[in-house]
$ cat my_file31.txt   # compact mmCIF, C-alpha atoms
# COMPACT_ATOMS: atom_id res chain seq x y z
CA MET C 1 -19.37 99.18 -35.10
CA ILE C 2 -18.37 97.62 -31.80
CA SER C 3 -18.28 99.48 -28.48
CA ASN C 4 -16.69 99.07 -25.10
CA ALA C 5 -18.64 100.00 -21.94
CA SER C 6 -17.22 103.46 -21.18
CA PRO C 7 -18.30 105.20 -24.42
CA LEU C 8 -21.86 103.91 -23.92
CA ILE C 9 -21.91 104.95 -20.27
CA PHE C 10 -20.42 108.41 -20.88
CA LEU C 11 -22.73 109.18 -23.81
CA SER C 12 -25.71 107.95 -21.80
CA LYS C 13 -24.73 110.13 -18.82
CA ILE C 14 -24.88 113.23 -21.05
CA ASN C 15 -28.11 112.03 -22.73
CA GLN C 16 -26.43 111.49 -26.10
CA ILE C 17 -26.50 107.71 -26.60
CA SER C 18 -28.75 108.37 -29.61
CA LEU C 19 -25.74 109.83 -31.46
CA LEU C 20 -24.52 106.26 -31.89
CA LYS C 21 -27.79 105.18 -33.50
CA LYS C 22 -27.79 108.19 -35.81
CA LEU C 23 -24.18 107.58 -36.86
CA PHE C 24 -24.02 103.78 -37.10
CA THR C 25 -27.55 102.30 -37.14
CA SER C 26 -26.40 99.47 -34.84
CA ILE C 27 -23.73 98.85 -32.22
CA LEU C 28 -22.38 95.48 -31.12
CA ILE C 29 -21.24 94.79 -27.57
CA SER C 30 -19.97 91.64 -25.95
CA LYS C 31 -21.73 89.88 -23.07
CA GLU C 32 -18.79 90.93 -20.87
CA VAL C 33 -19.37 94.60 -21.73
CA LYS C 34 -23.09 94.23 -21.01
CA ASP C 35 -22.23 92.70 -17.63
CA GLU C 36 -19.88 95.62 -16.84
CA ILE C 37 -22.55 98.17 -17.75
CA PHE C 38 -25.25 96.53 -15.65
CA VAL C 39 -23.12 95.65 -12.61
CA GLU C 40 -25.26 98.11 -10.65
CA SER C 41 -28.55 99.75 -11.49
CA LYS C 42 -27.70 103.36 -12.31
CA PRO C 43 -29.76 106.02 -14.08
CA GLU C 44 -27.45 106.08 -17.11
CA THR C 45 -28.00 102.38 -17.74
CA ILE C 46 -31.71 102.90 -18.50
CA ASP C 47 -31.02 104.37 -21.96
CA ILE C 48 -28.56 101.58 -22.72
CA ALA C 49 -31.09 98.94 -21.63
CA ASN C 50 -33.72 100.58 -23.85
CA ALA C 51 -31.33 100.58 -26.81
CA ILE C 52 -30.74 96.84 -26.29
CA LYS C 53 -34.53 96.24 -26.09
CA GLN C 54 -35.01 98.29 -29.28
CA GLY C 55 -32.37 96.14 -30.94
CA TRP C 56 -29.93 98.77 -32.17
CA ILE C 57 -27.43 97.79 -29.49
CA LYS C 58 -26.88 94.07 -29.92
CA VAL C 59 -25.22 91.77 -27.39
CA VAL C 60 -23.15 89.13 -29.16
CA GLU C 61 -20.99 86.23 -28.06
CA VAL C 62 -17.28 86.38 -28.76
CA LYS C 63 -16.36 83.11 -30.44
CA ASP C 64 -12.68 83.09 -29.55
CA ASN C 65 -12.22 85.24 -26.45
CA ILE C 66 -8.49 84.70 -26.00
CA PRO C 67 -6.74 86.44 -23.09
CA ILE C 68 -4.71 89.41 -24.33
CA GLY C 69 -3.48 90.81 -21.01
CA ILE C 70 -6.12 93.45 -20.34
CA GLU C 71 -9.47 93.73 -18.54
CA GLY C 72 -12.39 91.44 -19.46
CA GLY C 73 -14.72 93.84 -21.27
CA GLU C 74 -11.92 95.51 -23.19
CA SER C 75 -10.34 92.18 -24.03
CA SER C 76 -13.67 90.80 -25.27
CA VAL C 77 -14.45 93.74 -27.57
CA ILE C 78 -10.94 93.67 -29.03
CA ASN C 79 -11.42 89.97 -29.73
CA LEU C 80 -14.87 90.71 -31.19
CA ALA C 81 -13.44 93.45 -33.44
CA LYS C 82 -10.74 91.00 -34.60
CA GLU C 83 -13.37 88.34 -35.37
CA ARG C 84 -15.71 90.70 -37.20
CA LYS C 85 -12.99 92.86 -38.79
CA ASP C 86 -14.85 95.89 -37.50
CA LYS C 87 -14.03 99.24 -35.90
CA LEU C 88 -14.06 99.74 -32.14
CA ILE C 89 -15.22 102.62 -29.95
CA ILE C 90 -12.97 102.55 -26.89
CA ASP C 91 -11.38 105.16 -24.62
CA ASP C 92 -8.75 103.34 -22.54
CA SER C 93 -5.31 104.26 -23.89
CA ILE C 94 -3.74 100.86 -23.14
CA ALA C 95 -6.64 99.02 -24.77
CA ILE C 96 -6.32 101.32 -27.80
CA LYS C 97 -2.64 100.38 -28.14
CA VAL C 98 -3.51 96.68 -27.90
CA ALA C 99 -6.28 97.07 -30.50
CA LYS C 100 -3.93 98.91 -32.85
CA ALA C 101 -1.40 96.09 -32.45
CA PHE C 102 -4.10 93.85 -33.97
CA ASP C 103 -4.73 96.41 -36.76
CA ILE C 104 -8.14 97.32 -35.34
CA GLU C 105 -9.29 100.85 -36.13
CA THR C 106 -10.35 102.63 -32.94
CA ILE C 107 -12.29 105.77 -32.21
CA ARG C 108 -12.93 107.53 -28.91
CA THR C 109 -16.07 108.99 -27.41
CA THR C 110 -14.88 112.45 -28.42
CA THR C 111 -14.57 111.23 -32.02
CA ILE C 112 -18.28 110.35 -31.94
CA ILE C 113 -19.02 114.00 -31.17
CA PHE C 114 -16.80 115.16 -34.06
CA MET C 115 -18.52 112.71 -36.40
CA ALA C 116 -21.91 114.07 -35.32
CA VAL C 117 -20.72 117.59 -36.25
CA GLU C 118 -19.44 116.38 -39.64
CA LYS C 119 -22.83 114.74 -40.37
CA ASN C 120 -24.71 117.89 -39.25
CA ILE C 121 -26.43 116.02 -36.41
CA ILE C 122 -25.15 118.65 -33.96
CA ASN C 123 -23.41 121.98 -34.46
CA LYS C 124 -19.95 123.02 -33.23
CA LYS C 125 -21.35 124.97 -30.27
CA GLN C 126 -23.32 121.90 -29.16
CA ALA C 127 -20.20 119.77 -29.60
CA ILE C 128 -18.15 122.04 -27.31
CA SER C 129 -20.95 121.87 -24.74
CA LEU C 130 -21.02 118.04 -24.94
CA ILE C 131 -17.22 117.81 -24.58
CA ASN C 132 -17.42 120.03 -21.49
CA LYS C 133 -20.25 117.89 -20.08
CA LEU C 134 -18.12 114.78 -20.58
CA ILE C 135 -15.29 116.42 -18.64
CA ASP C 136 -17.71 117.50 -15.89
CA ILE C 137 -18.79 113.89 -15.34
CA GLY C 138 -15.24 112.54 -15.18
CA TYR C 139 -14.14 111.89 -18.78
CA TYR C 140 -10.43 112.64 -18.93
CA ILE C 141 -9.06 114.77 -21.75
CA SER C 142 -5.49 116.01 -21.51
CA PRO C 143 -5.15 119.80 -21.59
CA ARG C 144 -3.24 119.59 -24.89
CA TYR C 145 -5.93 117.45 -26.54
CA TYR C 146 -8.69 119.65 -25.08
CA SER C 147 -7.02 122.72 -26.58
CA ALA C 148 -6.81 120.96 -29.97
CA ILE C 149 -10.50 120.02 -29.73
CA LEU C 150 -11.53 123.60 -28.97
CA THR C 151 -9.38 124.92 -31.81
CA LYS C 152 -10.91 122.47 -34.26
CA LEU C 153 -14.48 123.22 -33.12
CA SER C 154 -13.99 126.98 -33.07
CA SER C 155 -12.79 127.23 -36.67
$ encode --input "my_file31.txt" --output "structure tokens"
Amino acid sequence: MISNASPLIFLSKINQISLLKKLFTSILISKEVKDEIFVESKPETIDIANAIKQGWIKVVEVKDNIPIGIEGGESSVINLAKERKDKLIIDDSIAIKVAKAFDIETIRTTTIIFMAVEKNIINKKQAISLINKLIDIGYYISPRYYSAILTKLSS
């Protein structure tokens, strides 16, 4: 599994970066994504740095980082997912459309929470709490999608 910066940062901000390790064993990020994450020293980057030290988040070079008309980190992980024929955790809607144009399967940060419920890592009540925490720290979810999430987690 490959990840862009924002899912790592958001999950770290709500103290749930470990969900990625429990769900996927390891996560690949590009050097560009690592640089975006560590542009400034912030509290949420500590858990990400520890995950890199522990080796379950791996920083890898993109062999053929061709420009695809979007931001550096997002462009690099899309190129990495193309190279490795792997799935991508990414939240930016434009980057998702670009990834899908390359037949790359994408999941969002909220999908990680749903997957954790399906694997019995967390329960539905915890999932709703985590979704609300994401929103509280600035993760955007449209009202329609939020309503769908609550419906799915309340059933």
$ closest_residue --input "my_file31.txt" --among "C:Asn65, C:Lys13, C:Leu19, C:Asn123" --to "Glu44 (chain C)" --atoms "all atoms listed in the file"
C:Lys13
$ residues_near_point --input "my_file31.txt" --point "(-13.7, 125.3, -31.9)" --cutoff "12 Å" --atoms "only C-alpha atoms" --output "VMD selection string"
chain C and resid 114 117 123 to 129 131 146 to 155
$ closest_residue --input "my_file31.txt" --among "C:Glu71, C:Val60, C:Ser18, C:Ser12" --to "Lys42 (chain C)" --atoms "all atoms listed in the file"
C:Ser12
$ residues_around --input "my_file31.txt" --residues "region 2-6 of chain C" --least-positions-apart "4" --cutoff "9 Å" --atoms "only C-alpha atoms" --output "PyMOL selection string"
chain C and resi 10-11+26-30+33-34+36-37+73-74+76-78+80-81+86-92+109
$ residues_near_point --input "my_file31.txt" --point "(-26.1, 102.3, -28.4)" --cutoff "8 Å" --atoms "all atoms listed in the file" --output "list in words"
Leu8, Ile17, Ser18, Leu20, Lys21, Ser26, Ile27, Ile48, Ala51, Ile52, Trp56 and Ile57 of chain C
$ write_last_selection --input "my_file31.txt" --atoms "C-alpha atoms" --output "PDB file, keeping the file's coordinate frame"
ATOM      1  CA  LEU C   8     -21.860 103.910 -23.920  1.00  0.00           C
ATOM      2  CA  ILE C  17     -26.500 107.710 -26.600  1.00  0.00           C
ATOM      3  CA  SER C  18     -28.750 108.370 -29.610  1.00  0.00           C
ATOM      4  CA  LEU C  20     -24.520 106.260 -31.890  1.00  0.00           C
ATOM      5  CA  LYS C  21     -27.790 105.180 -33.500  1.00  0.00           C
ATOM      6  CA  SER C  26     -26.400  99.470 -34.840  1.00  0.00           C
ATOM      7  CA  ILE C  27     -23.730  98.850 -32.220  1.00  0.00           C
ATOM      8  CA  ILE C  48     -28.560 101.580 -22.720  1.00  0.00           C
ATOM      9  CA  ALA C  51     -31.330 100.580 -26.810  1.00  0.00           C
ATOM     10  CA  ILE C  52     -30.740  96.840 -26.290  1.00  0.00           C
ATOM     11  CA  TRP C  56     -29.930  98.770 -32.170  1.00  0.00           C
ATOM     12  CA  ILE C  57     -27.430  97.790 -29.490  1.00  0.00           C
TER      13      ILE C  57
END
$ atom_distance --input "my_file31.txt" --atom1 "CA of Tyr139 (chain C)" --atom2 "CA of Ser93 (chain C)"
12.7 Å
$ closest_residue --input "my_file31.txt" --among "C:Ile113, C:Asp136, C:Glu32, C:Asn50" --to "Asn79 (chain C)" --atoms "all atoms listed in the file"
C:Glu32
$ closest_residue --input "my_file31.txt" --among "C:Ser142, C:Ile9, C:Ser41, C:Glu83" --to "Glu61 (chain C)" --atoms "all atoms listed in the file"
C:Glu83
$ atom_distance --input "my_file31.txt" --atom1 "CA of Ile94 (chain C)" --atom2 "CA of Gly72 (chain C)"
13.3 Å
$ axis_aligned_box --input "my_file31.txt" --around "region 72-83 of chain C" --padding-each-side "4 Å" --output "lines of an AutoDock Vina configuration file"
center_x = -12.6
center_y = 91.9
center_z = -27.4
size_x = 12.5
size_y = 15.2
size_z = 23.9
$ atom_distance --input "my_file31.txt" --atom1 "CA of Ile137 (chain C)" --atom2 "CA of Val98 (chain C)"
26.2 Å
$ closest_residue --input "my_file31.txt" --among "C:Ile14, C:Arg144, C:Lys22, C:Ile68" --to "Thr45 (chain C)" --atoms "all atoms listed in the file"
C:Ile14
